[in-house]
$ cat my_file32.cif   # mmCIF, C-alpha atoms
data_data
loop_
_atom_site.label_atom_id
_atom_site.label_comp_id
_atom_site.auth_asym_id
_atom_site.auth_seq_id
_atom_site.Cartn_x
_atom_site.Cartn_y
_atom_site.Cartn_z
CA PRO X 188 82.11 -17.53 121.94
CA ARG X 189 85.25 -15.89 123.14
CA GLY X 190 88.19 -16.24 120.77
CA SER X 191 86.19 -17.36 117.75
CA VAL X 192 86.14 -15.57 114.41
CA THR X 193 82.72 -14.50 113.20
CA VAL X 194 81.81 -14.18 109.56
CA ALA X 195 80.75 -10.56 110.11
CA ASN X 196 84.33 -9.63 111.12
CA GLU X 197 85.96 -11.61 108.32
CA THR X 198 87.64 -9.20 105.91
CA THR X 199 90.43 -11.29 104.40
CA ALA X 200 89.94 -12.85 100.98
CA PRO X 201 90.89 -16.51 100.68
CA PRO X 202 94.24 -16.97 98.95
CA VAL X 203 93.87 -18.95 95.72
CA ALA X 204 96.40 -20.38 93.27
CA MET X 205 95.98 -22.06 89.90
CA THR X 206 97.95 -25.31 89.95
CA THR X 207 96.99 -26.72 86.51
CA PRO X 208 97.82 -24.96 84.27
CA ALA X 209 100.24 -23.20 86.58
CA ALA X 210 102.07 -20.91 84.15
CA ASP X 211 101.03 -18.18 81.75
CA ASP X 212 101.09 -19.09 78.07
CA ALA X 213 100.96 -22.85 78.66
CA THR X 214 99.97 -24.73 75.52
CA VAL X 215 96.80 -26.77 75.95
CA THR X 216 95.45 -29.54 73.72
CA GLY X 217 92.50 -31.85 74.21
CA ALA X 218 90.99 -32.63 77.59
CA ILE X 219 92.67 -31.57 80.83
CA THR X 220 91.66 -31.05 84.44
CA LEU X 221 91.88 -27.49 85.71
CA GLU X 222 93.07 -27.46 89.31
CA ALA X 223 93.42 -24.82 92.02
CA THR X 224 94.18 -24.54 95.71
CA ALA X 225 92.42 -22.19 98.11
CA SER X 226 92.40 -21.68 101.87
CA ASP X 227 90.80 -19.38 104.41
CA ASP X 228 91.02 -18.96 108.18
CA VAL X 229 87.24 -19.41 108.47
CA GLY X 230 86.66 -21.59 105.43
CA VAL X 231 86.41 -21.49 101.65
CA ALA X 232 82.76 -21.32 100.59
CA GLY X 233 83.40 -21.94 96.91
CA VAL X 234 85.81 -21.89 93.99
CA GLN X 235 84.65 -21.00 90.47
CA PHE X 236 86.66 -21.69 87.31
CA MET X 237 86.09 -19.47 84.26
CA LEU X 238 87.18 -19.41 80.62
CA ASP X 239 87.25 -15.94 79.06
CA GLY X 240 84.94 -14.70 81.84
CA VAL X 241 82.34 -17.47 81.42
CA ASN X 242 81.81 -20.03 84.19
CA LEU X 243 83.16 -23.51 83.51
CA GLY X 244 80.69 -25.75 85.28
CA ALA X 245 79.32 -25.26 88.76
CA GLU X 246 81.16 -23.66 91.64
CA ARG X 247 83.19 -26.21 93.60
CA THR X 248 82.37 -26.11 97.32
CA GLU X 249 84.80 -28.77 98.53
CA ALA X 250 88.44 -29.58 97.88
CA PRO X 251 89.93 -30.78 95.66
CA TYR X 252 89.04 -27.73 93.59
CA GLU X 253 89.10 -29.01 90.02
CA VAL X 254 87.01 -29.15 86.89
CA PRO X 255 87.42 -31.22 83.71
CA TRP X 256 87.72 -29.15 80.55
CA ASN X 257 87.99 -30.15 76.91
CA SER X 258 89.77 -27.46 74.92
CA VAL X 259 88.64 -29.03 71.61
CA SER X 260 85.36 -27.11 71.89
CA GLU X 261 87.23 -23.77 71.87
CA VAL X 262 88.88 -21.81 69.07
CA ASN X 263 92.66 -22.19 68.82
CA GLY X 264 94.58 -19.20 70.16
CA THR X 265 95.07 -17.35 73.45
CA HIS X 266 92.38 -17.66 76.13
CA THR X 267 92.12 -16.60 79.77
CA ILE X 268 91.43 -19.09 82.54
CA SER X 269 90.47 -17.60 85.89
CA VAL X 270 89.70 -19.09 89.25
CA VAL X 271 87.86 -17.19 91.98
CA ALA X 272 87.78 -18.32 95.62
CA ARG X 273 85.22 -16.85 98.02
CA ASP X 274 84.54 -17.19 101.71
CA ALA X 275 81.23 -17.14 103.59
CA ALA X 276 81.59 -13.40 104.30
CA GLY X 277 81.67 -12.62 100.58
CA ASN X 278 85.39 -11.85 100.33
CA SER X 279 86.92 -13.14 97.13
CA GLN X 280 90.21 -13.35 95.32
CA ALA X 281 90.89 -14.26 91.70
CA VAL X 282 93.92 -15.40 89.77
CA THR X 283 94.23 -15.62 86.01
CA VAL X 284 96.49 -17.43 83.58
CA ASN X 285 96.58 -17.19 79.82
CA VAL X 286 96.67 -20.43 77.85
CA ILE X 287 97.31 -21.10 74.20
CA ILE X 288 94.91 -23.65 72.75
CA ALA X 289 96.61 -25.53 69.92
CA ASN X 290 94.37 -28.40 68.84
CA VAL X 291 95.02 -30.06 65.49
CA PRO X 292 91.95 -29.82 63.22
#
$ encode --input "my_file32.cif" --output "structure tokens"
Amino acid sequence: PRGSVTVANETTAPPVAMTTPAADDATVTGAITLEATASDDVGVAGVQFMLDGVNLGAERTEAPYEVPWNSVSEVNGTHTISVVARDAAGNSQAVTVNVIIANVP
């Protein structure tokens, strides 16, 4: 239809932002919920959270984009949390924050 955007012509990656934790080097203990926002002019197909490059649970296909995570199962120290948003055309954008896990043994 005239005036509609087709997936084939979609070349813009969906903007994504990590909202929890929002800042680099945030100290994390215990269980938290990782949260992100994402948007796209055609639609966000999915949002994937990762810890040190490994998927944390399944890709989220509907907002709110969040995943529960218990840091107790990880080694204390600096880790990288990433979130990747993708649209139906395969465009994707990632953001990364570093966290410091500091659980008491």
$ atom_distance --input "my_file32.cif" --atom1 "CA of Val254 in chain X" --atom2 "CA of Asp212 in chain X"
19.4 Å
$ closest_residue --input "my_file32.cif" --among "X:Gly264, X:Gly277, X:Pro255, X:Gly244" --to "Thr207 in chain X" --atoms "only C-alpha atoms"
X:Pro255
$ resolve_selection --input "my_file32.cif" --expression "the PyMOL selection byres ((chain X and resi 226-241) around 7)" --output "PyMOL selection string"
chain X and resi 201-203+225+242-243+246-248+252+266-275
$ resolve_selection --input "my_file32.cif" --expression "the PyMOL selection byres ((chain X and resi 287) around 12)" --output "number ranges by chain"
X: 208, 210-217, 258, 261-268, 284-286, 288-290
$ atom_distance --input "my_file32.cif" --atom1 "CA of Ala281 in chain X" --atom2 "CA of Ile219 in chain X"
20.5 Å
$ atom_distance --input "my_file32.cif" --atom1 "CA of Thr220 in chain X" --atom2 "CA of Val282 in chain X"
16.7 Å
$ axis_aligned_box --input "my_file32.cif" --around "range 225-232 of chain X" --padding-each-side "4 Å" --output "AutoDock Vina command-line options"
--center_x 87.6 --center_y -20.6 --center_z 103.3 --size_x 17.7 --size_y 11.2 --size_z 18.4
$ build_atoms --input "my_file32.cif" --residues "range 246-257 of chain X" --atoms "all heavy atoms" --output "short mmCIF file (atom, residue, chain, number, x, y, z; two decimals), in the frame of the given file"
data_model
loop_
_atom_site.label_atom_id
_atom_site.label_comp_id
_atom_site.auth_asym_id
_atom_site.auth_seq_id
_atom_site.Cartn_x
_atom_site.Cartn_y
_atom_site.Cartn_z
N GLU X 246 80.19 -24.01 90.61
CA GLU X 246 81.16 -23.66 91.64
C GLU X 246 81.48 -24.91 92.47
O GLU X 246 80.59 -25.68 92.81
CB GLU X 246 80.57 -22.57 92.53
CG GLU X 246 81.50 -22.13 93.63
CD GLU X 246 80.89 -21.05 94.50
OE1 GLU X 246 79.83 -21.31 95.11
OE2 GLU X 246 81.47 -19.96 94.57
N ARG X 247 82.75 -25.08 92.78
CA ARG X 247 83.19 -26.21 93.60
C ARG X 247 83.17 -25.75 95.06
O ARG X 247 83.76 -24.73 95.39
CB ARG X 247 84.60 -26.68 93.22
CG ARG X 247 84.74 -27.12 91.78
CD ARG X 247 83.72 -28.19 91.44
NE ARG X 247 84.03 -28.85 90.19
CZ ARG X 247 83.18 -28.95 89.19
NH1 ARG X 247 81.99 -28.44 89.27
NH2 ARG X 247 83.52 -29.60 88.10
N THR X 248 82.50 -26.51 95.92
CA THR X 248 82.37 -26.11 97.32
C THR X 248 83.22 -26.95 98.26
O THR X 248 83.23 -26.70 99.46
CB THR X 248 80.89 -26.17 97.77
OG1 THR X 248 80.40 -27.49 97.54
CG2 THR X 248 80.05 -25.16 97.00
N GLU X 249 83.92 -27.94 97.72
CA GLU X 249 84.80 -28.77 98.53
C GLU X 249 86.08 -29.07 97.76
O GLU X 249 86.06 -29.21 96.55
CB GLU X 249 84.13 -30.10 98.88
CG GLU X 249 82.92 -29.99 99.76
CD GLU X 249 82.30 -31.35 100.08
OE1 GLU X 249 82.77 -32.37 99.54
OE2 GLU X 249 81.34 -31.37 100.86
N ALA X 250 87.18 -29.17 98.50
CA ALA X 250 88.44 -29.58 97.88
C ALA X 250 88.34 -31.06 97.54
O ALA X 250 87.62 -31.79 98.21
CB ALA X 250 89.59 -29.32 98.85
N PRO X 251 89.01 -31.54 96.52
CA PRO X 251 89.93 -30.78 95.66
C PRO X 251 89.15 -29.88 94.70
O PRO X 251 88.08 -30.24 94.22
CB PRO X 251 90.69 -31.86 94.91
CG PRO X 251 89.73 -33.02 94.83
CD PRO X 251 88.93 -32.94 96.11
N TYR X 252 89.67 -28.69 94.49
CA TYR X 252 89.04 -27.73 93.59
C TYR X 252 89.54 -27.99 92.18
O TYR X 252 90.66 -27.64 91.82
CB TYR X 252 89.35 -26.30 94.02
CG TYR X 252 88.91 -26.05 95.44
CD1 TYR X 252 89.84 -25.82 96.45
CD2 TYR X 252 87.56 -26.06 95.79
CE1 TYR X 252 89.44 -25.60 97.76
CE2 TYR X 252 87.16 -25.85 97.09
CZ TYR X 252 88.11 -25.62 98.08
OH TYR X 252 87.69 -25.43 99.37
N GLU X 253 88.72 -28.66 91.39
CA GLU X 253 89.10 -29.01 90.02
C GLU X 253 87.86 -29.15 89.15
O GLU X 253 86.76 -29.37 89.65
CB GLU X 253 89.94 -30.29 90.00
CG GLU X 253 89.27 -31.47 90.64
CD GLU X 253 90.20 -32.67 90.74
OE1 GLU X 253 91.40 -32.51 91.05
OE2 GLU X 253 89.70 -33.79 90.53
N VAL X 254 88.09 -29.00 87.85
CA VAL X 254 87.01 -29.15 86.89
C VAL X 254 87.59 -29.72 85.59
O VAL X 254 88.65 -29.26 85.14
CB VAL X 254 86.27 -27.81 86.64
CG1 VAL X 254 87.17 -26.76 86.01
CG2 VAL X 254 85.03 -28.01 85.81
N PRO X 255 86.94 -30.72 85.00
CA PRO X 255 87.42 -31.22 83.71
C PRO X 255 87.07 -30.22 82.62
O PRO X 255 86.02 -29.58 82.66
CB PRO X 255 86.66 -32.54 83.54
CG PRO X 255 85.44 -32.40 84.38
CD PRO X 255 85.80 -31.48 85.50
N TRP X 256 87.96 -30.09 81.65
CA TRP X 256 87.72 -29.15 80.55
C TRP X 256 88.30 -29.73 79.27
O TRP X 256 89.45 -30.18 79.25
CB TRP X 256 88.36 -27.80 80.87
CG TRP X 256 88.31 -26.81 79.77
CD1 TRP X 256 87.21 -26.37 79.09
CD2 TRP X 256 89.42 -26.12 79.19
NE1 TRP X 256 87.57 -25.45 78.14
CE2 TRP X 256 88.91 -25.28 78.18
CE3 TRP X 256 90.79 -26.14 79.42
CZ2 TRP X 256 89.74 -24.46 77.41
CZ3 TRP X 256 91.61 -25.33 78.66
CH2 TRP X 256 91.07 -24.49 77.67
N ASN X 257 87.52 -29.68 78.21
CA ASN X 257 87.99 -30.15 76.91
C ASN X 257 88.20 -28.95 76.01
O ASN X 257 87.24 -28.30 75.59
CB ASN X 257 87.00 -31.13 76.29
CG ASN X 257 87.61 -31.84 75.10
OD1 ASN X 257 88.58 -31.39 74.53
ND2 ASN X 257 87.02 -32.95 74.71
#
